[in-house]
Amino acid sequence: MKLITAIIKPFKLEDVRKAVGDVGVQGVTVTEVRGFGRQRGHTEVYRGAEYLVEFVPKTKIEIAVDDALAERVIEAIINTARTGKVGDGKIFVLDLEQVVRIRTGERDASAI
Amino acid sequence: MITLSRSFLFALLALSVPLAWADATSVPAPEAAAAVAPAAAPAAPPAPSTTEPSVVLNSQINSGDTAWMLASMALVLMMTVPGLALFYGGMVRKKNVLATLMQSFAITCLVTILWYVIGYSLAFTPGTPYVGGLSRLFMNGVIYIKDVAAAAATKDTPAVDAVIGKVSVSHLGVTIPETVYSMFQLTFAIITPALICGAFAERMKFSAMLWFMAIWSIIVYAPIAHWMWEPGGWGATAGVLDFAGGTVVHINAGIAALACALVLGKRVGYNKEPMAPHNLVLTLIGASLLWVGWFGFNAGSAVAADGRAGMAMAVTQIATAAAALAWMFMEWTVKGKPSVLGIASGAVAGLVAITPASGFVMPTPAVIIGVAAGVICFFAATTLKKALGYDDSLDAFGVHCIGGIVGALLTGVFASTALDGGQAGSVLTQSKAVVATMIYGFVVSYAILKVIDMTIGLRVNEEEEREGLDVSLHGEHVE
């Protein structure tokens, strides 16, 4: 099993949700986050006082999937979240040791 | 600190004890005699005095003027709560928003009581050229009564009912009840200290603020209002033109704000940590309420519903728009983007600058005054503040004092004798008023602040400041 964590542009969330749903993903966790990468922040000016906003708002999605599905989910995210400009985000893929469904106590593949 | 807050409350209560004075025993004899007789042949109504408050027959009150002044009072009150409260509240960090709103609201309450106790009398009754008398302490003599003797004498002749009611009028507004005039002026006495709050936002102790505002209201605001507006004041006698408060309200508040910024010092982390406004929506709503309320401020200062009020209203609207655009285009050119805070600040700068001139100028000078205020205040709030290094957190000095000076001086340039009730202006005379207000206001404000600092202290400690005044001073917070 894999845990796929993707940092994407916030306005791409709906497209990504639909695309990963289409390839068979049953659940997604979404968090609003801030961070920096190669995309530079921006400057805000309030009556002459300039503030550099270094952390850019992003959306983080987390998806637990079977190994078999992982590559297709990654492809789906790349295809929908890409704009071609700097700041499109990253995908992190981690091995997932265990998954438990709280309601039934089911483990691993059947719990995803 | 709790003890000090309590002693403050007791001081207020003690001042309010001699309420018994404020009854209706002070009807001057001549008017009483005039009203007793009219059963057979109604006597000529007493002419209102032009040098001191007097009592007239109820029928001499102008209902149109009174209706407009009742509305104006409400409009100007709206400028402070919620207008100014929101304008400032949106500009601070979220951890200080309630404390900032609280300042405006508490000042509204505090100054109301002090105005009733002594402020109105010191400002708007005859006295010396420097301060008014004590004849209206506790609003003693501000009356609206039924003359019982006259009522008995005329009870079979309903046609003369109108002459048995009596009402006091101020010599500054003889067609409206003195109750209305004094409450209208109260709203000016409220907003002036509330404007100062912009300078010490996010770091002043609430108890210290109450003490400062109470003392300032009595020994700075009331005398300066008397100088410029009461006919016996030295400024009014010298021909200073201040229609609605360029010196009395804006320069006065602005220079006190500078004293506050200098004595209190900078906020913890100033110029090192981000201190961006937390919600400019609140600020824009506040600026808009200020704009709307300002028609009560400027057009209301005609103390009549007449052509002069109409002209004051027109020039207020025009100057405000000109200043807002001027600031916006300046910022667009110099900083690259036209900001919401910028256009709102420009509008307020224009409102400030047209304040002394409204009622004395025509629309075209209003455009010039507006543009000048927008451009000059933009540089005051950005370049000048940075160069001098003080932390006038919300630009009370940069907008109100500088805008007030622009307005006061240009009133001297553009005042038109062609206007009904207009007067010729003099830049020299206006300058004297500006300089006198700045020196007196700065010195006395500075002294009050130093005394408070040495006794109860002006600032919260660093830990409280970091935590935010909402939680540390008021035990509340906003999500």
# chains A, B, ... in the order shown; residues from 1 in each chain; ligands from 1
>>> closest_atom_pairs(of="chain B", to="chain A", cutoff="7 Å", atoms="only C-alpha atoms", output="JSON lines")
{"residue": "B:Pro274", "atom": "CA", "partner": "A:Tyr51", "partner_atom": "CA", "distance": 6.3}
{"residue": "B:Ala276", "atom": "CA", "partner": "A:Tyr46", "partner_atom": "CA", "distance": 6.9}
{"residue": "B:Leu341", "atom": "CA", "partner": "A:Tyr46", "partner_atom": "CA", "distance": 6.8}
{"residue": "B:Gly342", "atom": "CA", "partner": "A:Arg47", "partner_atom": "CA", "distance": 6.5}
{"residue": "B:Ala381", "atom": "CA", "partner": "A:Arg47", "partner_atom": "CA", "distance": 6.4}
{"residue": "B:Thr382", "atom": "CA", "partner": "A:Gly48", "partner_atom": "CA", "distance": 4.6}
>>> select_by_dssp(residues="chain A", states="strand (DSSP E or B)", output="MDAnalysis selection string")
chainID A and resid 2:8 29:35 42:46 49:53 56:65 90:95 100 107
>>> closest_residue(among="A:Val25, A:Val16, A:Ile7, A:Val65", to="Gly87 of chain A", atoms="only C-alpha atoms")
A:Ile7
>>> residues_around(residues="Arg82 of chain A", least_positions_apart="3", cutoff="12 Å", atoms="only C-alpha atoms", output="list in words")
Ala6, Ile7, Ile8, Lys9, Phe11, Lys12, Leu13, Asp15, Val16, Ile74, Glu75, Ala76, Ile77, Ile78, Asn79, Lys85, Val86, Gly87, Asp88, Gly89, Lys90 and Ile91 of chain A
>>> write_last_selection(atoms="N, CA and C atoms", output="compact mmCIF listing (two decimals), in the first residue's frame")
# COMPACT_ATOMS: atom_id res chain seq x y z
N ALA A 6 -0.10 14.83 -2.10
CA ALA A 6 0.17 15.78 -3.18
C ALA A 6 -0.09 17.20 -2.69
N ILE A 7 0.84 18.10 -3.01
CA ILE A 7 0.66 19.52 -2.72
C ILE A 7 0.30 20.18 -4.05
N ILE A 8 -0.90 20.76 -4.12
CA ILE A 8 -1.35 21.28 -5.43
C ILE A 8 -1.83 22.71 -5.29
N LYS A 9 -2.07 23.33 -6.43
CA LYS A 9 -2.69 24.66 -6.41
C LYS A 9 -4.14 24.53 -5.96
N PHE A 11 -6.91 25.93 -6.62
CA PHE A 11 -8.02 25.94 -7.58
C PHE A 11 -8.10 24.65 -8.41
N LYS A 12 -7.08 23.77 -8.27
CA LYS A 12 -7.08 22.51 -9.01
C LYS A 12 -7.75 21.38 -8.23
N LEU A 13 -8.17 21.66 -7.01
CA LEU A 13 -8.66 20.59 -6.13
C LEU A 13 -9.83 19.81 -6.73
N ASP A 15 -10.79 19.43 -9.85
CA ASP A 15 -10.38 18.60 -11.00
C ASP A 15 -9.67 17.33 -10.54
N VAL A 16 -8.78 17.51 -9.56
CA VAL A 16 -8.01 16.36 -9.08
C VAL A 16 -8.94 15.36 -8.39
N ILE A 74 -1.20 8.60 -9.43
CA ILE A 74 -0.16 9.60 -9.65
C ILE A 74 -0.32 10.24 -11.02
N GLU A 75 -0.57 9.41 -12.03
CA GLU A 75 -0.78 9.92 -13.39
C GLU A 75 -1.97 10.88 -13.43
N ALA A 76 -3.06 10.47 -12.75
CA ALA A 76 -4.28 11.30 -12.75
C ALA A 76 -4.00 12.67 -12.13
N ILE A 77 -3.23 12.67 -11.03
CA ILE A 77 -2.92 13.94 -10.37
C ILE A 77 -2.05 14.81 -11.28
N ILE A 78 -1.04 14.19 -11.87
CA ILE A 78 -0.16 14.96 -12.75
C ILE A 78 -0.96 15.57 -13.90
N ASN A 79 -1.82 14.77 -14.50
CA ASN A 79 -2.56 15.24 -15.67
C ASN A 79 -3.51 16.40 -15.36
N LYS A 85 3.30 25.93 -15.16
CA LYS A 85 4.01 27.06 -14.57
C LYS A 85 4.60 26.65 -13.22
N VAL A 86 5.60 27.42 -12.78
CA VAL A 86 6.22 27.13 -11.50
C VAL A 86 5.17 27.29 -10.39
N GLY A 87 5.20 26.35 -9.43
CA GLY A 87 4.21 26.43 -8.36
C GLY A 87 3.11 25.38 -8.49
N ASP A 88 3.25 24.42 -9.43
CA ASP A 88 2.21 23.40 -9.58
C ASP A 88 2.20 22.40 -8.44
N GLY A 89 3.33 22.29 -7.72
CA GLY A 89 3.32 21.46 -6.53
C GLY A 89 4.16 20.19 -6.65
N LYS A 90 3.98 19.30 -5.67
CA LYS A 90 4.77 18.07 -5.58
C LYS A 90 3.86 16.91 -5.21
N ILE A 91 4.35 15.69 -5.54
CA ILE A 91 3.68 14.48 -5.06
C ILE A 91 4.70 13.66 -4.29
>>> select_by_dssp(residues="chain A", states="alpha helix (DSSP H)", output="list in words")
Leu13, Glu14, Asp15, Val16, Arg17, Lys18, Ala19, Val20, Gly21, Asp22, Asp67, Ala68, Leu69, Ala70, Glu71, Arg72, Val73, Ile74, Glu75, Ala76, Ile77, Ile78, Asn79, Thr80 and Ala81 of chain A
>>> write_last_selection(atoms="C-alpha atoms", output="CSV table (one decimal), in the first residue's frame")
chain,number,residue,atom,x,y,z
A,13,LEU,CA,-8.7,20.6,-6.1
A,14,GLU,CA,-12.0,19.8,-7.8
A,15,ASP,CA,-10.4,18.6,-11.0
A,16,VAL,CA,-8.0,16.4,-9.1
A,17,ARG,CA,-10.8,15.0,-6.9
A,18,LYS,CA,-12.8,14.0,-10.0
A,19,ALA,CA,-9.8,12.4,-11.8
A,20,VAL,CA,-8.7,10.3,-8.8
A,21,GLY,CA,-12.3,9.3,-8.3
A,22,ASP,CA,-12.5,8.1,-11.9
A,67,ASP,CA,0.1,-0.7,-4.8
A,68,ALA,CA,-1.7,-1.6,-8.0
A,69,LEU,CA,-3.6,1.6,-8.2
A,70,ALA,CA,-0.8,3.9,-7.1
A,71,GLU,CA,0.7,4.6,-10.5
A,72,ARG,CA,-2.6,5.5,-12.1
A,73,VAL,CA,-3.5,7.9,-9.2
A,74,ILE,CA,-0.2,9.6,-9.6
A,75,GLU,CA,-0.8,9.9,-13.4
A,76,ALA,CA,-4.3,11.3,-12.8
A,77,ILE,CA,-2.9,13.9,-10.4
A,78,ILE,CA,-0.2,15.0,-12.8
A,79,ASN,CA,-2.6,15.2,-15.7
A,80,THR,CA,-5.1,17.4,-13.8
A,81,ALA,CA,-3.0,19.5,-11.5
>>> residues_around(residues="Gly359 of chain B", least_positions_apart="2", cutoff="9 Å", atoms="only C-alpha atoms", output="MDAnalysis selection string")
chainID B and resid 243:244 298:299 301:302 308:313 315 355:357 361:362 415 419 421:422
>>> write_last_selection(atoms="N, CA and C atoms", output="tab-separated table (two decimals), in the first residue's frame")
chain	number	residue	atom	x	y	z
B	243	PHE	N	-14.94	75.62	9.79
B	243	PHE	CA	-16.38	75.38	9.70
B	243	PHE	C	-16.80	74.19	10.55
B	244	ALA	N	-16.11	73.07	10.39
B	244	ALA	CA	-16.58	71.86	11.07
B	244	ALA	C	-15.49	71.15	11.87
B	298	ASN	N	-20.17	67.85	8.48
B	298	ASN	CA	-19.93	69.09	7.73
B	298	ASN	C	-21.21	69.86	7.43
B	299	ALA	N	-22.17	69.20	6.79
B	299	ALA	CA	-23.41	69.91	6.49
B	299	ALA	C	-24.16	70.24	7.78
B	301	SER	N	-22.78	71.19	10.44
B	301	SER	CA	-22.14	72.33	11.07
B	301	SER	C	-22.70	73.66	10.60
B	302	ALA	N	-23.58	73.65	9.61
B	302	ALA	CA	-24.33	74.86	9.26
B	302	ALA	C	-25.36	75.16	10.35
B	308	ARG	N	-26.52	76.80	2.83
B	308	ARG	CA	-25.13	76.63	3.22
B	308	ARG	C	-24.84	75.16	3.56
B	309	ALA	N	-25.81	74.53	4.22
B	309	ALA	CA	-25.66	73.10	4.51
B	309	ALA	C	-25.56	72.32	3.20
B	310	GLY	N	-26.36	72.72	2.22
B	310	GLY	CA	-26.32	72.05	0.93
B	310	GLY	C	-24.97	72.20	0.26
B	311	MET	N	-24.40	73.41	0.31
B	311	MET	CA	-23.09	73.62	-0.29
B	311	MET	C	-22.01	72.84	0.46
B	312	ALA	N	-22.12	72.82	1.78
B	312	ALA	CA	-21.15	72.06	2.58
B	312	ALA	C	-21.21	70.58	2.21
B	313	MET	N	-22.43	70.09	2.00
B	313	MET	CA	-22.60	68.70	1.62
B	313	MET	C	-21.97	68.42	0.25
B	315	VAL	N	-19.57	70.08	-1.41
B	315	VAL	CA	-18.11	70.14	-1.46
B	315	VAL	C	-17.48	68.98	-0.69
B	355	THR	N	-13.10	69.51	5.81
B	355	THR	CA	-13.87	69.83	7.02
B	355	THR	C	-13.84	71.32	7.40
B	356	PRO	N	-12.66	71.94	7.51
B	356	PRO	CA	-12.68	73.36	7.87
B	356	PRO	C	-13.22	74.24	6.74
B	357	ALA	N	-13.10	73.77	5.50
B	357	ALA	CA	-13.45	74.60	4.35
B	357	ALA	C	-14.92	74.50	3.97
B	361	VAL	N	-16.33	77.32	0.97
B	361	VAL	CA	-15.78	77.24	-0.39
B	361	VAL	C	-16.80	76.68	-1.38
B	362	MET	N	-16.47	76.88	-2.66
B	362	MET	CA	-17.28	76.40	-3.78
B	362	MET	C	-16.73	75.04	-4.25
B	415	ALA	N	-11.54	80.55	0.82
B	415	ALA	CA	-12.80	81.00	1.42
B	415	ALA	C	-13.40	82.10	0.56
B	419	LEU	N	-20.29	83.39	-0.92
B	419	LEU	CA	-21.24	82.50	-0.26
B	419	LEU	C	-22.01	83.27	0.80
B	421	GLY	N	-23.14	84.00	4.15
B	421	GLY	CA	-22.54	83.62	5.42
B	421	GLY	C	-21.05	83.38	5.29
B	422	GLY	N	-20.52	83.53	4.09
B	422	GLY	CA	-19.09	83.31	3.88
B	422	GLY	C	-18.26	84.47	4.41
>>> atom_distance(atom1="atom CA of Gly233 of chain B", atom2="atom CA of Pro126 of chain B")
8.2 Å
>>> atom_distance(atom1="atom CA of Ala366 of chain B", atom2="atom CA of Leu325 of chain B")
13.6 Å
>>> atom_distance(atom1="atom CA of Ser472 of chain B", atom2="atom CA of Phe212 of chain B")
20.0 Å
>>> closest_residue(among="B:Pro193, B:Glu52, B:Leu241, B:Leu280", to="Ser170 of chain B", atoms="only C-alpha atoms")
B:Glu52
>>> closest_residue(among="A:Ala111, A:Arg38, A:Val56, A:Arg103", to="Gln26 of chain A", atoms="only C-alpha atoms")
A:Ala111
>>> residues_around(residues="Asp95 of chain A", least_positions_apart="2", cutoff="7 Å", atoms="only C-alpha atoms", output="VMD selection string")
chain A and resid 1 to 3 93 97
>>> write_last_selection(atoms="C-alpha atoms", output="PDB file, in the first residue's frame")
ATOM      1  CA  MET A   1       0.000   0.000   0.000  1.00  0.00           C
ATOM      2  CA  LYS A   2       1.072   3.542  -0.630  1.00  0.00           C
ATOM      3  CA  LEU A   3       0.229   6.897   0.932  1.00  0.00           C
ATOM      4  CA  VAL A  93       4.723   8.656  -2.274  1.00  0.00           C
ATOM      5  CA  GLU A  97       2.397  -0.061   6.832  1.00  0.00           C
TER       6      GLU A  97
END
>>> decode(residues="segment 265-296 of chain B", atoms="C-alpha atoms", output="short mmCIF file (atom, residue, chain, number, x, y, z; two decimals), in the first residue's frame")
data_model
loop_
_atom_site.label_atom_id
_atom_site.label_comp_id
_atom_site.auth_asym_id
_atom_site.auth_seq_id
_atom_site.Cartn_x
_atom_site.Cartn_y
_atom_site.Cartn_z
CA GLY B 265 7.15 54.06 21.57
CA LYS B 266 6.96 51.41 18.92
CA ARG B 267 5.07 48.17 19.05
CA VAL B 268 7.08 45.08 19.93
CA GLY B 269 8.50 43.75 16.67
CA TYR B 270 7.76 46.91 14.68
CA ASN B 271 9.56 46.78 11.32
CA LYS B 272 10.72 43.24 12.08
CA GLU B 273 7.52 41.24 12.15
CA PRO B 274 4.57 41.43 9.79
CA MET B 275 1.84 43.72 11.09
CA ALA B 276 -0.48 43.65 8.12
CA PRO B 277 -4.15 44.61 8.63
CA HIS B 278 -6.18 41.54 9.50
CA ASN B 279 -9.42 42.44 7.70
CA LEU B 280 -9.66 45.30 5.24
CA VAL B 281 -13.33 44.54 4.68
CA LEU B 282 -13.99 45.95 8.15
CA THR B 283 -11.78 48.92 7.30
CA LEU B 284 -13.66 49.66 4.08
CA ILE B 285 -17.03 49.41 5.84
CA GLY B 286 -15.70 51.74 8.52
CA ALA B 287 -14.39 54.25 5.99
CA SER B 288 -17.74 54.17 4.20
CA LEU B 289 -19.63 54.81 7.42
CA LEU B 290 -17.27 57.68 8.14
CA TRP B 291 -17.97 59.11 4.70
CA VAL B 292 -21.76 58.91 5.10
CA GLY B 293 -21.63 60.20 8.66
CA TRP B 294 -19.46 63.11 7.58
CA PHE B 295 -22.46 64.77 5.96
CA GLY B 296 -23.79 65.23 9.47
#
